[in-house]
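A.B. asks: Quick one, start.cif (mmCIF, N, CA and C atoms and all ligand atoms):
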data_target
#
loop_
_atom_site.label_atom_id
_atom_site.label_comp_id
_atom_site.auth_asym_id
_atom_site.auth_seq_id
_atom_site.Cartn_x
_atom_site.Cartn_y
_atom_site.Cartn_z
N MET A 1 -41.18 -25.24 -14.84
CA MET A 1 -40.24 -26.34 -14.99
C MET A 1 -39.08 -26.17 -14.02
N THR A 2 -38.75 -27.23 -13.32
CA THR A 2 -37.59 -27.20 -12.44
C THR A 2 -36.51 -28.09 -13.01
N SER A 3 -35.33 -27.53 -13.15
CA SER A 3 -34.20 -28.34 -13.63
C SER A 3 -33.00 -28.04 -12.76
N GLN A 4 -31.87 -28.59 -13.15
CA GLN A 4 -30.65 -28.43 -12.36
C GLN A 4 -29.90 -27.19 -12.83
N CYS A 5 -29.22 -26.55 -11.89
CA CYS A 5 -28.44 -25.35 -12.19
C CYS A 5 -27.36 -25.67 -13.24
N HIS A 6 -27.11 -24.72 -14.15
CA HIS A 6 -26.16 -24.92 -15.25
C HIS A 6 -24.70 -24.75 -14.83
N GLU A 7 -24.46 -24.10 -13.68
CA GLU A 7 -23.09 -23.75 -13.26
C GLU A 7 -22.19 -24.98 -13.08
N THR A 8 -20.95 -24.85 -13.52
CA THR A 8 -19.94 -25.88 -13.29
C THR A 8 -19.14 -25.49 -12.05
N ILE A 9 -19.07 -26.42 -11.09
CA ILE A 9 -18.37 -26.17 -9.83
C ILE A 9 -16.98 -26.80 -9.90
N HIS A 10 -15.98 -26.04 -9.52
CA HIS A 10 -14.61 -26.56 -9.42
C HIS A 10 -14.19 -26.47 -7.96
N ASP A 11 -13.89 -27.61 -7.37
CA ASP A 11 -13.42 -27.62 -5.98
C ASP A 11 -12.43 -28.76 -5.80
N ARG A 12 -11.98 -28.96 -4.58
CA ARG A 12 -10.96 -29.98 -4.35
C ARG A 12 -11.47 -31.40 -4.55
N PHE A 13 -12.79 -31.55 -4.59
CA PHE A 13 -13.36 -32.88 -4.80
C PHE A 13 -13.58 -33.18 -6.28
N SER A 14 -13.62 -32.15 -7.10
CA SER A 14 -13.89 -32.36 -8.53
C SER A 14 -13.11 -31.32 -9.33
N TRP A 15 -11.83 -31.57 -9.48
CA TRP A 15 -10.97 -30.59 -10.14
C TRP A 15 -11.32 -30.41 -11.62
N ARG A 16 -12.00 -31.41 -12.20
CA ARG A 16 -12.42 -31.26 -13.60
C ARG A 16 -13.74 -30.50 -13.69
N GLY A 17 -14.39 -30.36 -12.57
CA GLY A 17 -15.65 -29.63 -12.54
C GLY A 17 -16.84 -30.57 -12.54
N ARG A 18 -17.88 -30.15 -11.85
CA ARG A 18 -19.14 -30.91 -11.82
C ARG A 18 -20.27 -29.90 -11.87
N GLN A 19 -21.40 -30.37 -12.28
CA GLN A 19 -22.55 -29.48 -12.39
C GLN A 19 -23.11 -29.19 -10.99
N CYS A 20 -23.48 -27.95 -10.75
CA CYS A 20 -24.09 -27.56 -9.49
C CYS A 20 -25.34 -28.43 -9.26
N ALA A 21 -25.49 -28.95 -8.05
CA ALA A 21 -26.58 -29.88 -7.74
C ALA A 21 -27.86 -29.17 -7.31
N ARG A 22 -27.78 -27.87 -7.14
CA ARG A 22 -28.97 -27.16 -6.65
C ARG A 22 -30.04 -27.05 -7.74
N PRO A 23 -31.29 -26.99 -7.32
CA PRO A 23 -32.36 -26.81 -8.30
C PRO A 23 -32.30 -25.41 -8.92
N ALA A 24 -32.55 -25.36 -10.21
CA ALA A 24 -32.56 -24.07 -10.91
C ALA A 24 -33.83 -23.32 -10.56
N THR A 25 -33.69 -22.00 -10.37
CA THR A 25 -34.85 -21.19 -10.00
C THR A 25 -35.10 -20.06 -10.98
N VAL A 26 -34.09 -19.74 -11.83
CA VAL A 26 -34.26 -18.60 -12.72
C VAL A 26 -33.63 -18.92 -14.08
N GLU A 27 -34.27 -18.44 -15.15
CA GLU A 27 -33.75 -18.65 -16.49
C GLU A 27 -33.15 -17.34 -17.01
N ARG A 28 -31.93 -17.42 -17.50
CA ARG A 28 -31.26 -16.27 -18.12
C ARG A 28 -30.66 -16.74 -19.43
N ASN A 29 -31.03 -16.10 -20.50
CA ASN A 29 -30.50 -16.42 -21.84
C ASN A 29 -30.61 -17.91 -22.19
N GLY A 30 -31.73 -18.50 -21.84
CA GLY A 30 -31.99 -19.88 -22.23
C GLY A 30 -31.38 -20.94 -21.33
N ARG A 31 -30.70 -20.50 -20.26
CA ARG A 31 -30.11 -21.47 -19.32
C ARG A 31 -30.69 -21.23 -17.94
N TRP A 32 -30.70 -22.32 -17.16
CA TRP A 32 -31.29 -22.24 -15.83
C TRP A 32 -30.21 -22.21 -14.76
N TRP A 33 -30.48 -21.41 -13.73
CA TRP A 33 -29.49 -21.20 -12.67
C TRP A 33 -30.16 -21.26 -11.31
N CYS A 34 -29.38 -21.68 -10.31
CA CYS A 34 -29.88 -21.62 -8.93
C CYS A 34 -29.75 -20.17 -8.43
N THR A 35 -30.26 -19.92 -7.25
CA THR A 35 -30.24 -18.56 -6.70
C THR A 35 -28.80 -18.03 -6.57
N SER A 36 -27.87 -18.89 -6.15
CA SER A 36 -26.48 -18.46 -5.95
C SER A 36 -25.75 -18.19 -7.25
N HIS A 37 -26.08 -18.94 -8.31
CA HIS A 37 -25.34 -18.82 -9.56
C HIS A 37 -26.07 -18.03 -10.63
N ASP A 38 -27.20 -17.43 -10.28
CA ASP A 38 -27.92 -16.56 -11.21
C ASP A 38 -26.93 -15.49 -11.69
N PRO A 39 -26.63 -15.42 -13.00
CA PRO A 39 -25.63 -14.46 -13.50
C PRO A 39 -25.88 -13.03 -13.04
N GLU A 40 -27.14 -12.62 -12.96
CA GLU A 40 -27.42 -11.26 -12.51
C GLU A 40 -27.08 -11.08 -11.03
N ALA A 41 -27.39 -12.10 -10.21
CA ALA A 41 -27.05 -12.03 -8.79
C ALA A 41 -25.54 -12.04 -8.61
N VAL A 42 -24.84 -12.85 -9.41
CA VAL A 42 -23.38 -12.92 -9.34
C VAL A 42 -22.78 -11.56 -9.72
N ALA A 43 -23.32 -10.95 -10.81
CA ALA A 43 -22.80 -9.65 -11.25
C ALA A 43 -23.03 -8.58 -10.19
N THR A 44 -24.20 -8.61 -9.55
CA THR A 44 -24.51 -7.64 -8.49
C THR A 44 -23.55 -7.81 -7.31
N LYS A 45 -23.30 -9.06 -6.93
CA LYS A 45 -22.40 -9.34 -5.82
C LYS A 45 -20.98 -8.88 -6.15
N GLN A 46 -20.53 -9.15 -7.39
CA GLN A 46 -19.19 -8.73 -7.79
C GLN A 46 -19.07 -7.21 -7.80
N GLN A 47 -20.14 -6.53 -8.25
CA GLN A 47 -20.13 -5.07 -8.27
C GLN A 47 -20.02 -4.51 -6.86
N LYS A 48 -20.75 -5.11 -5.91
CA LYS A 48 -20.68 -4.67 -4.51
C LYS A 48 -19.28 -4.88 -3.95
N GLN A 49 -18.66 -6.03 -4.30
CA GLN A 49 -17.29 -6.30 -3.83
C GLN A 49 -16.31 -5.29 -4.41
N ARG A 50 -16.49 -4.96 -5.70
CA ARG A 50 -15.62 -3.95 -6.35
C ARG A 50 -15.76 -2.60 -5.65
N GLU A 51 -17.01 -2.21 -5.38
CA GLU A 51 -17.25 -0.92 -4.72
C GLU A 51 -16.63 -0.90 -3.32
N LYS A 52 -16.76 -2.02 -2.60
CA LYS A 52 -16.17 -2.11 -1.25
C LYS A 52 -14.65 -2.00 -1.33
N TYR A 53 -14.05 -2.71 -2.30
CA TYR A 53 -12.60 -2.67 -2.46
C TYR A 53 -12.15 -1.27 -2.87
N ASP A 54 -12.88 -0.65 -3.81
CA ASP A 54 -12.52 0.71 -4.25
C ASP A 54 -12.57 1.70 -3.09
N ALA A 55 -13.61 1.57 -2.23
CA ALA A 55 -13.73 2.46 -1.08
C ALA A 55 -12.55 2.26 -0.13
N LEU A 56 -12.16 0.99 0.09
CA LEU A 56 -11.00 0.71 0.95
C LEU A 56 -9.72 1.29 0.35
N ARG A 57 -9.56 1.12 -0.96
CA ARG A 57 -8.36 1.61 -1.64
C ARG A 57 -8.30 3.14 -1.57
N GLN A 58 -9.44 3.79 -1.79
CA GLN A 58 -9.46 5.25 -1.71
C GLN A 58 -9.12 5.72 -0.31
N ARG A 59 -9.65 5.01 0.70
CA ARG A 59 -9.36 5.37 2.09
C ARG A 59 -7.87 5.19 2.38
N ARG A 60 -7.32 4.07 1.90
CA ARG A 60 -5.89 3.80 2.09
C ARG A 60 -5.05 4.88 1.41
N ASP A 61 -5.41 5.23 0.16
CA ASP A 61 -4.66 6.25 -0.58
C ASP A 61 -4.72 7.60 0.15
N ARG A 62 -5.89 7.93 0.71
CA ARG A 62 -6.04 9.19 1.44
C ARG A 62 -5.15 9.18 2.69
N ILE A 63 -5.15 8.06 3.40
CA ILE A 63 -4.32 7.95 4.61
C ILE A 63 -2.85 8.06 4.26
N VAL A 64 -2.43 7.42 3.18
CA VAL A 64 -1.03 7.50 2.76
C VAL A 64 -0.67 8.95 2.46
N GLN A 65 -1.54 9.65 1.72
CA GLN A 65 -1.28 11.04 1.35
C GLN A 65 -1.21 11.92 2.60
N GLU A 66 -2.14 11.72 3.54
CA GLU A 66 -2.14 12.51 4.77
C GLU A 66 -0.89 12.21 5.60
N ALA A 67 -0.45 10.94 5.60
CA ALA A 67 0.75 10.56 6.35
C ALA A 67 1.98 11.23 5.75
N ILE A 68 2.05 11.27 4.42
CA ILE A 68 3.19 11.91 3.75
C ILE A 68 3.20 13.40 4.11
N THR A 69 2.04 14.04 4.07
CA THR A 69 1.94 15.46 4.42
C THR A 69 2.37 15.68 5.87
N LEU A 70 1.90 14.81 6.77
CA LEU A 70 2.25 14.93 8.19
C LEU A 70 3.76 14.77 8.39
N CYS A 71 4.36 13.78 7.75
CA CYS A 71 5.80 13.56 7.88
C CYS A 71 6.58 14.75 7.34
N THR A 72 6.11 15.32 6.24
CA THR A 72 6.77 16.50 5.67
C THR A 72 6.70 17.66 6.65
N ARG A 73 5.52 17.87 7.27
CA ARG A 73 5.36 18.95 8.26
C ARG A 73 6.26 18.73 9.47
N LEU A 74 6.44 17.46 9.87
CA LEU A 74 7.28 17.14 11.03
C LEU A 74 8.76 17.13 10.67
N GLY A 75 9.06 17.09 9.36
CA GLY A 75 10.44 17.04 8.92
C GLY A 75 11.08 15.68 9.18
N VAL A 76 10.31 14.62 9.07
CA VAL A 76 10.84 13.28 9.32
C VAL A 76 10.56 12.37 8.12
N GLN A 77 11.37 11.30 8.05
CA GLN A 77 11.10 10.24 7.09
C GLN A 77 10.11 9.29 7.78
N GLY A 78 9.12 8.84 7.08
CA GLY A 78 8.18 7.92 7.69
C GLY A 78 7.45 7.12 6.64
N HIS A 79 6.76 6.13 7.07
CA HIS A 79 5.91 5.38 6.14
C HIS A 79 4.66 4.92 6.87
N VAL A 80 3.64 4.68 6.07
CA VAL A 80 2.38 4.23 6.65
C VAL A 80 2.45 2.73 6.81
N ASN A 81 2.03 2.26 7.95
CA ASN A 81 2.04 0.84 8.25
C ASN A 81 0.62 0.32 8.15
N TYR A 82 0.36 -0.55 7.18
CA TYR A 82 -0.97 -1.15 7.15
C TYR A 82 -0.91 -2.62 6.83
N ASP A 83 -1.96 -3.27 7.24
CA ASP A 83 -2.05 -4.72 7.18
C ASP A 83 -2.88 -5.09 5.96
N GLY A 84 -2.24 -5.51 4.88
CA GLY A 84 -2.98 -5.83 3.66
C GLY A 84 -3.64 -4.60 3.10
N VAL A 85 -4.91 -4.69 2.74
CA VAL A 85 -5.62 -3.54 2.19
C VAL A 85 -6.35 -2.77 3.29
N ILE A 86 -6.26 -3.26 4.54
CA ILE A 86 -6.96 -2.60 5.63
C ILE A 86 -6.02 -1.58 6.29
N PRO A 87 -6.31 -0.30 6.12
CA PRO A 87 -5.43 0.70 6.73
C PRO A 87 -5.52 0.67 8.25
N THR A 88 -4.38 0.77 8.91
CA THR A 88 -4.38 0.83 10.36
C THR A 88 -4.11 2.24 10.85
N GLU A 89 -3.86 3.15 9.88
CA GLU A 89 -3.66 4.55 10.21
C GLU A 89 -2.50 4.76 11.17
N THR A 90 -1.42 4.04 10.95
CA THR A 90 -0.24 4.16 11.78
C THR A 90 0.90 4.70 10.94
N VAL A 91 1.57 5.74 11.43
CA VAL A 91 2.75 6.26 10.76
C VAL A 91 3.96 5.82 11.57
N VAL A 92 4.92 5.22 10.90
CA VAL A 92 6.14 4.76 11.57
C VAL A 92 7.27 5.72 11.23
N ILE A 93 7.92 6.25 12.28
CA ILE A 93 9.07 7.12 12.06
C ILE A 93 10.26 6.55 12.83
N ALA A 94 11.45 6.97 12.40
CA ALA A 94 12.67 6.45 13.04
C ALA A 94 12.75 6.93 14.49
N PHE A 95 13.43 6.13 15.33
CA PHE A 95 13.59 6.48 16.74
C PHE A 95 14.28 7.83 16.90
N GLU A 96 15.33 8.06 16.08
CA GLU A 96 16.07 9.33 16.16
C GLU A 96 15.15 10.51 15.87
N ASP A 97 14.26 10.37 14.89
CA ASP A 97 13.32 11.44 14.57
C ASP A 97 12.35 11.67 15.73
N ALA A 98 11.85 10.59 16.32
CA ALA A 98 10.93 10.71 17.45
C ALA A 98 11.63 11.40 18.63
N GLU A 99 12.90 11.01 18.85
CA GLU A 99 13.69 11.62 19.93
C GLU A 99 13.88 13.11 19.69
N ARG A 100 14.23 13.46 18.44
CA ARG A 100 14.43 14.87 18.08
C ARG A 100 13.15 15.68 18.26
N LEU A 101 12.02 15.10 17.80
CA LEU A 101 10.74 15.79 17.92
C LEU A 101 10.38 16.00 19.38
N ALA A 102 10.63 14.99 20.21
CA ALA A 102 10.34 15.10 21.64
C ALA A 102 11.19 16.21 22.26
N ARG A 103 12.47 16.26 21.83
CA ARG A 103 13.39 17.30 22.34
C ARG A 103 12.88 18.69 21.93
N GLU A 104 12.48 18.81 20.65
CA GLU A 104 11.99 20.10 20.16
C GLU A 104 10.70 20.53 20.86
N LEU A 105 9.91 19.54 21.28
CA LEU A 105 8.67 19.87 21.98
C LEU A 105 8.92 20.10 23.48
N GLY A 106 10.16 19.87 23.91
CA GLY A 106 10.51 20.08 25.31
C GLY A 106 9.96 19.00 26.22
N ARG A 107 9.82 17.81 25.70
CA ARG A 107 9.25 16.73 26.53
C ARG A 107 10.28 15.66 26.82
ZN ZN A 201 -25.92 -23.34 -8.91
#
For the structure just supplied, provide its representation as structure tokens.
Ligand SMILES: [Zn+2]

C.D. replies:
Amino acid sequence: MTSQCHETIHDRFSWRGRQCARPATVERNGRWWCTSHDPEAVATKQQKQREKYDALRQRRDRIVQEAITLCTRLGVQGHVNYDGVIPTETVVIAFEDAERLARELGR
């Protein structure tokens, strides 16, 4: 049996919601869903997005910790500069600190 997907779509054309127009391909718990709105496929996709975000967050946290350690070793105040959740691995220090470090390094 082919029927219409059960999902309600909310977009700028139908703020009250409309039923997905795609043909249903899978039945879950007595309701029919298209390939995109299959609850199991949606859950899998969300889990992958969570894992990707968690990996990014862990990487960002590690970079922040390493930057703090580096600034402590250099004896400077600094902060990690990143764009949203994407780490750019840049440490920003004050000009005076950079000047002092350059002087100490004899450069
Ligand atoms: Zn659908």

A.B. asks: Per residue of chain A within 6 Å of ligand ZN 201 (chain A), what are the shortest atom pair and its distance in Å to one decimal, counting only N, CA and C atoms and all ligand atoms, with rows by chain and residue number, as CSV?

C.D. replies:
residue,atom,partner,partner_atom,distance
A:Cys5,CA,A:ZN201,ZN,4.6
A:His6,N,A:ZN201,ZN,5.5
A:Glu7,N,A:ZN201,ZN,5.0
A:Cys20,CA,A:ZN201,ZN,4.6
A:Ala21,N,A:ZN201,ZN,5.7
A:Arg22,N,A:ZN201,ZN,5.2
A:Trp33,C,A:ZN201,ZN,5.3
A:Cys34,N,A:ZN201,ZN,4.1
A:Thr35,N,A:ZN201,ZN,5.8
A:Ser36,C,A:ZN201,ZN,5.4
A:His37,N,A:ZN201,ZN,4.4

A.B. asks: Write a file of the just-selected residues containing N, CA and C atoms, as a PDB file, in the frame of the given file.

C.D. replies:
ATOM      1  N   CYS A   5     -29.220 -26.550 -11.890  1.00  0.00           N
ATOM      2  CA  CYS A   5     -28.440 -25.350 -12.190  1.00  0.00           C
ATOM      3  C   CYS A   5     -27.360 -25.670 -13.240  1.00  0.00           C
ATOM      4  N   HIS A   6     -27.110 -24.720 -14.150  1.00  0.00           N
ATOM      5  CA  HIS A   6     -26.160 -24.920 -15.250  1.00  0.00           C
ATOM      6  C   HIS A   6     -24.700 -24.750 -14.830  1.00  0.00           C
ATOM      7  N   GLU A   7     -24.460 -24.100 -13.680  1.00  0.00           N
ATOM      8  CA  GLU A   7     -23.090 -23.750 -13.260  1.00  0.00           C
ATOM      9  C   GLU A   7     -22.190 -24.980 -13.080  1.00  0.00           C
ATOM     10  N   CYS A  20     -23.480 -27.950 -10.750  1.00  0.00           N
ATOM     11  CA  CYS A  20     -24.090 -27.560  -9.490  1.00  0.00           C
ATOM     12  C   CYS A  20     -25.340 -28.430  -9.260  1.00  0.00           C
ATOM     13  N   ALA A  21     -25.490 -28.950  -8.050  1.00  0.00           N
ATOM     14  CA  ALA A  21     -26.580 -29.880  -7.740  1.00  0.00           C
ATOM     15  C   ALA A  21     -27.860 -29.170  -7.310  1.00  0.00           C
ATOM     16  N   ARG A  22     -27.780 -27.870  -7.140  1.00  0.00           N
ATOM     17  CA  ARG A  22     -28.970 -27.160  -6.650  1.00  0.00           C
ATOM     18  C   ARG A  22     -30.040 -27.050  -7.740  1.00  0.00           C
ATOM     19  N   TRP A  33     -30.480 -21.410 -13.730  1.00  0.00           N
ATOM     20  CA  TRP A  33     -29.490 -21.200 -12.670  1.00  0.00           C
ATOM     21  C   TRP A  33     -30.160 -21.260 -11.310  1.00  0.00           C
ATOM     22  N   CYS A  34     -29.380 -21.680 -10.310  1.00  0.00           N
ATOM     23  CA  CYS A  34     -29.880 -21.620  -8.930  1.00  0.00           C
ATOM     24  C   CYS A  34     -29.750 -20.170  -8.430  1.00  0.00           C
ATOM     25  N   THR A  35     -30.260 -19.920  -7.250  1.00  0.00           N
ATOM     26  CA  THR A  35     -30.240 -18.560  -6.700  1.00  0.00           C
ATOM     27  C   THR A  35     -28.800 -18.030  -6.570  1.00  0.00           C
ATOM     28  N   SER A  36     -27.870 -18.890  -6.150  1.00  0.00           N
ATOM     29  CA  SER A  36     -26.480 -18.460  -5.950  1.00  0.00           C
ATOM     30  C   SER A  36     -25.750 -18.190  -7.250  1.00  0.00           C
ATOM     31  N   HIS A  37     -26.080 -18.940  -8.310  1.00  0.00           N
ATOM     32  CA  HIS A  37     -25.340 -18.820  -9.560  1.00  0.00           C
ATOM     33  C   HIS A  37     -26.070 -18.030 -10.630  1.00  0.00           C
TER      34      HIS A  37
END

A.B. asks: Got a sec to tell me which of chain A DSSP assigns to strand (DSSP E), as a PyMOL selection string?

C.D. replies: chain A and resi 8-11+14-19+26-28+31-33+78-83+86-93

A.B. asks: Give me the residues of segment 20-91 of chain A that have any atom at most 10 Å from an atom of segment 95-98 of chain A; for each, the nearest atom pair and the distance in Å, rounded to one decimal. Use only C-alpha atoms, sort by chain and number, and format it as a Markdown table.

C.D. replies:
| residue | atom | partner | partner_atom | distance |
| --- | --- | --- | --- | --- |
| A:Leu74 | CA | A:Asp97 | CA | 9.0 |
| A:Gly75 | CA | A:Asp97 | CA | 8.5 |
| A:Val76 | CA | A:Asp97 | CA | 6.1 |
| A:Gln77 | CA | A:Asp97 | CA | 7.9 |
| A:Gly78 | CA | A:Asp97 | CA | 9.3 |

A.B. asks: Using DSSP secondary structure from the backbone, list all helix (DSSP H, G or I) positions within chain A, as a VMD selection string.

C.D. replies: chain A and resid 39 to 74 95 to 104

A.B. asks: Using N, CA and C atoms, can you write the selected residues to a file as a compact mmCIF listing (two decimals), in the coordinates of the input?

C.D. replies:
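Saved to again.txt:
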# COMPACT_ATOMS: atom_id res chain seq x y z
N PRO A 39 -26.63 -15.42 -13.00
CA PRO A 39 -25.63 -14.46 -13.50
C PRO A 39 -25.88 -13.03 -13.04
N GLU A 40 -27.14 -12.62 -12.96
CA GLU A 40 -27.42 -11.26 -12.51
C GLU A 40 -27.08 -11.08 -11.03
N ALA A 41 -27.39 -12.10 -10.21
CA ALA A 41 -27.05 -12.03 -8.79
C ALA A 41 -25.54 -12.04 -8.61
N VAL A 42 -24.84 -12.85 -9.41
CA VAL A 42 -23.38 -12.92 -9.34
C VAL A 42 -22.78 -11.56 -9.72
N ALA A 43 -23.32 -10.95 -10.81
CA ALA A 43 -22.80 -9.65 -11.25
C ALA A 43 -23.03 -8.58 -10.19
N THR A 44 -24.20 -8.61 -9.55
CA THR A 44 -24.51 -7.64 -8.49
C THR A 44 -23.55 -7.81 -7.31
N LYS A 45 -23.30 -9.06 -6.93
CA LYS A 45 -22.40 -9.34 -5.82
C LYS A 45 -20.98 -8.88 -6.15
N GLN A 46 -20.53 -9.15 -7.39
CA GLN A 46 -19.19 -8.73 -7.79
C GLN A 46 -19.07 -7.21 -7.80
N GLN A 47 -20.14 -6.53 -8.25
CA GLN A 47 -20.13 -5.07 -8.27
C GLN A 47 -20.02 -4.51 -6.86
N LYS A 48 -20.75 -5.11 -5.91
CA LYS A 48 -20.68 -4.67 -4.51
C LYS A 48 -19.28 -4.88 -3.95
N GLN A 49 -18.66 -6.03 -4.30
CA GLN A 49 -17.29 -6.30 -3.83
C GLN A 49 -16.31 -5.29 -4.41
N ARG A 50 -16.49 -4.96 -5.70
CA ARG A 50 -15.62 -3.95 -6.35
C ARG A 50 -15.76 -2.60 -5.65
N GLU A 51 -17.01 -2.21 -5.38
CA GLU A 51 -17.25 -0.92 -4.72
C GLU A 51 -16.63 -0.90 -3.32
N LYS A 52 -16.76 -2.02 -2.60
CA LYS A 52 -16.17 -2.11 -1.25
C LYS A 52 -14.65 -2.00 -1.33
N TYR A 53 -14.05 -2.71 -2.30
CA TYR A 53 -12.60 -2.67 -2.46
C TYR A 53 -12.15 -1.27 -2.87
N ASP A 54 -12.88 -0.65 -3.81
CA ASP A 54 -12.52 0.71 -4.25
C ASP A 54 -12.57 1.70 -3.09
N ALA A 55 -13.61 1.57 -2.23
CA ALA A 55 -13.73 2.46 -1.08
C ALA A 55 -12.55 2.26 -0.13
N LEU A 56 -12.16 0.99 0.09
CA LEU A 56 -11.00 0.71 0.95
C LEU A 56 -9.72 1.29 0.35
N ARG A 57 -9.56 1.12 -0.96
CA ARG A 57 -8.36 1.61 -1.64
C ARG A 57 -8.30 3.14 -1.57
N GLN A 58 -9.44 3.79 -1.79
CA GLN A 58 -9.46 5.25 -1.71
C GLN A 58 -9.12 5.72 -0.31
N ARG A 59 -9.65 5.01 0.70
CA ARG A 59 -9.36 5.37 2.09
C ARG A 59 -7.87 5.19 2.38
N ARG A 60 -7.32 4.07 1.90
CA ARG A 60 -5.89 3.80 2.09
C ARG A 60 -5.05 4.88 1.41
N ASP A 61 -5.41 5.23 0.16
CA ASP A 61 -4.66 6.25 -0.58
C ASP A 61 -4.72 7.60 0.15
N ARG A 62 -5.89 7.93 0.71
CA ARG A 62 -6.04 9.19 1.44
C ARG A 62 -5.15 9.18 2.69
N ILE A 63 -5.15 8.06 3.40
CA ILE A 63 -4.32 7.95 4.61
C ILE A 63 -2.85 8.06 4.26
N VAL A 64 -2.43 7.42 3.18
CA VAL A 64 -1.03 7.50 2.76
C VAL A 64 -0.67 8.95 2.46
N GLN A 65 -1.54 9.65 1.72
CA GLN A 65 -1.28 11.04 1.35
C GLN A 65 -1.21 11.92 2.60
N GLU A 66 -2.14 11.72 3.54
CA GLU A 66 -2.14 12.51 4.77
C GLU A 66 -0.89 12.21 5.60
N ALA A 67 -0.45 10.94 5.60
CA ALA A 67 0.75 10.56 6.35
C ALA A 67 1.98 11.23 5.75
N ILE A 68 2.05 11.27 4.42
CA ILE A 68 3.19 11.91 3.75
C ILE A 68 3.20 13.40 4.11
N THR A 69 2.04 14.04 4.07
CA THR A 69 1.94 15.46 4.42
C THR A 69 2.37 15.68 5.87
N LEU A 70 1.90 14.81 6.77
CA LEU A 70 2.25 14.93 8.19
C LEU A 70 3.76 14.77 8.39
N CYS A 71 4.36 13.78 7.75
CA CYS A 71 5.80 13.56 7.88
C CYS A 71 6.58 14.75 7.34
N THR A 72 6.11 15.32 6.24
CA THR A 72 6.77 16.50 5.67
C THR A 72 6.70 17.66 6.65
N ARG A 73 5.52 17.87 7.27
CA ARG A 73 5.36 18.95 8.26
C ARG A 73 6.26 18.73 9.47
N LEU A 74 6.44 17.46 9.87
CA LEU A 74 7.28 17.14 11.03
C LEU A 74 8.76 17.13 10.67
N PHE A 95 13.43 6.13 15.33
CA PHE A 95 13.59 6.48 16.74
C PHE A 95 14.28 7.83 16.90
N GLU A 96 15.33 8.06 16.08
CA GLU A 96 16.07 9.33 16.16
C GLU A 96 15.15 10.51 15.87
N ASP A 97 14.26 10.37 14.89
CA ASP A 97 13.32 11.44 14.57
C ASP A 97 12.35 11.67 15.73
N ALA A 98 11.85 10.59 16.32
CA ALA A 98 10.93 10.71 17.45
C ALA A 98 11.63 11.40 18.63
N GLU A 99 12.90 11.01 18.85
CA GLU A 99 13.69 11.62 19.93
C GLU A 99 13.88 13.11 19.69
N ARG A 100 14.23 13.46 18.44
CA ARG A 100 14.43 14.87 18.08
C ARG A 100 13.15 15.68 18.26
N LEU A 101 12.02 15.10 17.80
CA LEU A 101 10.74 15.79 17.92
C LEU A 101 10.38 16.00 19.38
N ALA A 102 10.63 14.99 20.21
CA ALA A 102 10.34 15.10 21.64
C ALA A 102 11.19 16.21 22.26
N ARG A 103 12.47 16.26 21.83
CA ARG A 103 13.39 17.30 22.34
C ARG A 103 12.88 18.69 21.93
N GLU A 104 12.48 18.81 20.65
CA GLU A 104 11.99 20.10 20.16
C GLU A 104 10.70 20.53 20.86

A.B. asks: Do you have the atom C of Trp32 of chain A-atom CA of Gln4 of chain A distance handy?

C.D. replies: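 Result for atom C of Trp32 of chain A versus atom CA of Gln4 of chain A: 6.7 Å, one decimal.
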
A.B. asks: Of the residues A:Glu40, A:Thr90, A:Trp15, A:Ser3, which is the one nearest to Ile63 of chain A, using only N, CA and C atoms?

C.D. replies: A:Thr90

A.B. asks: Would you compute the distance between atom N of Pro23 of chain A and atom N of Ile9 of chain A? Give it in Å to one decimal.

C.D. replies: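 The value is 12.8 Å.
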
A.B. asks: Measure the distance from atom CA of Asp38 of chain A to atom CA of Ala24 of chain A in Å and round it to one decimal.

C.D. replies: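 About the pair atom CA of Asp38 of chain A and atom CA of Ala24 of chain A: they are 8.8 Å apart.
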
A.B. asks: Using all atoms of segment 28-33 of chain A that appear in the file, construct an axis-aligned enclosing box with 4 Å of padding on every side and provide its centre coordinates and edge lengths in Å, rounded to one decimal, as JSON.

C.D. replies:
{"center_x": -30.7, "center_y": -19.2, "center_z": -16.8, "size_x": 10.5, "size_y": 14.2, "size_z": 18.9}
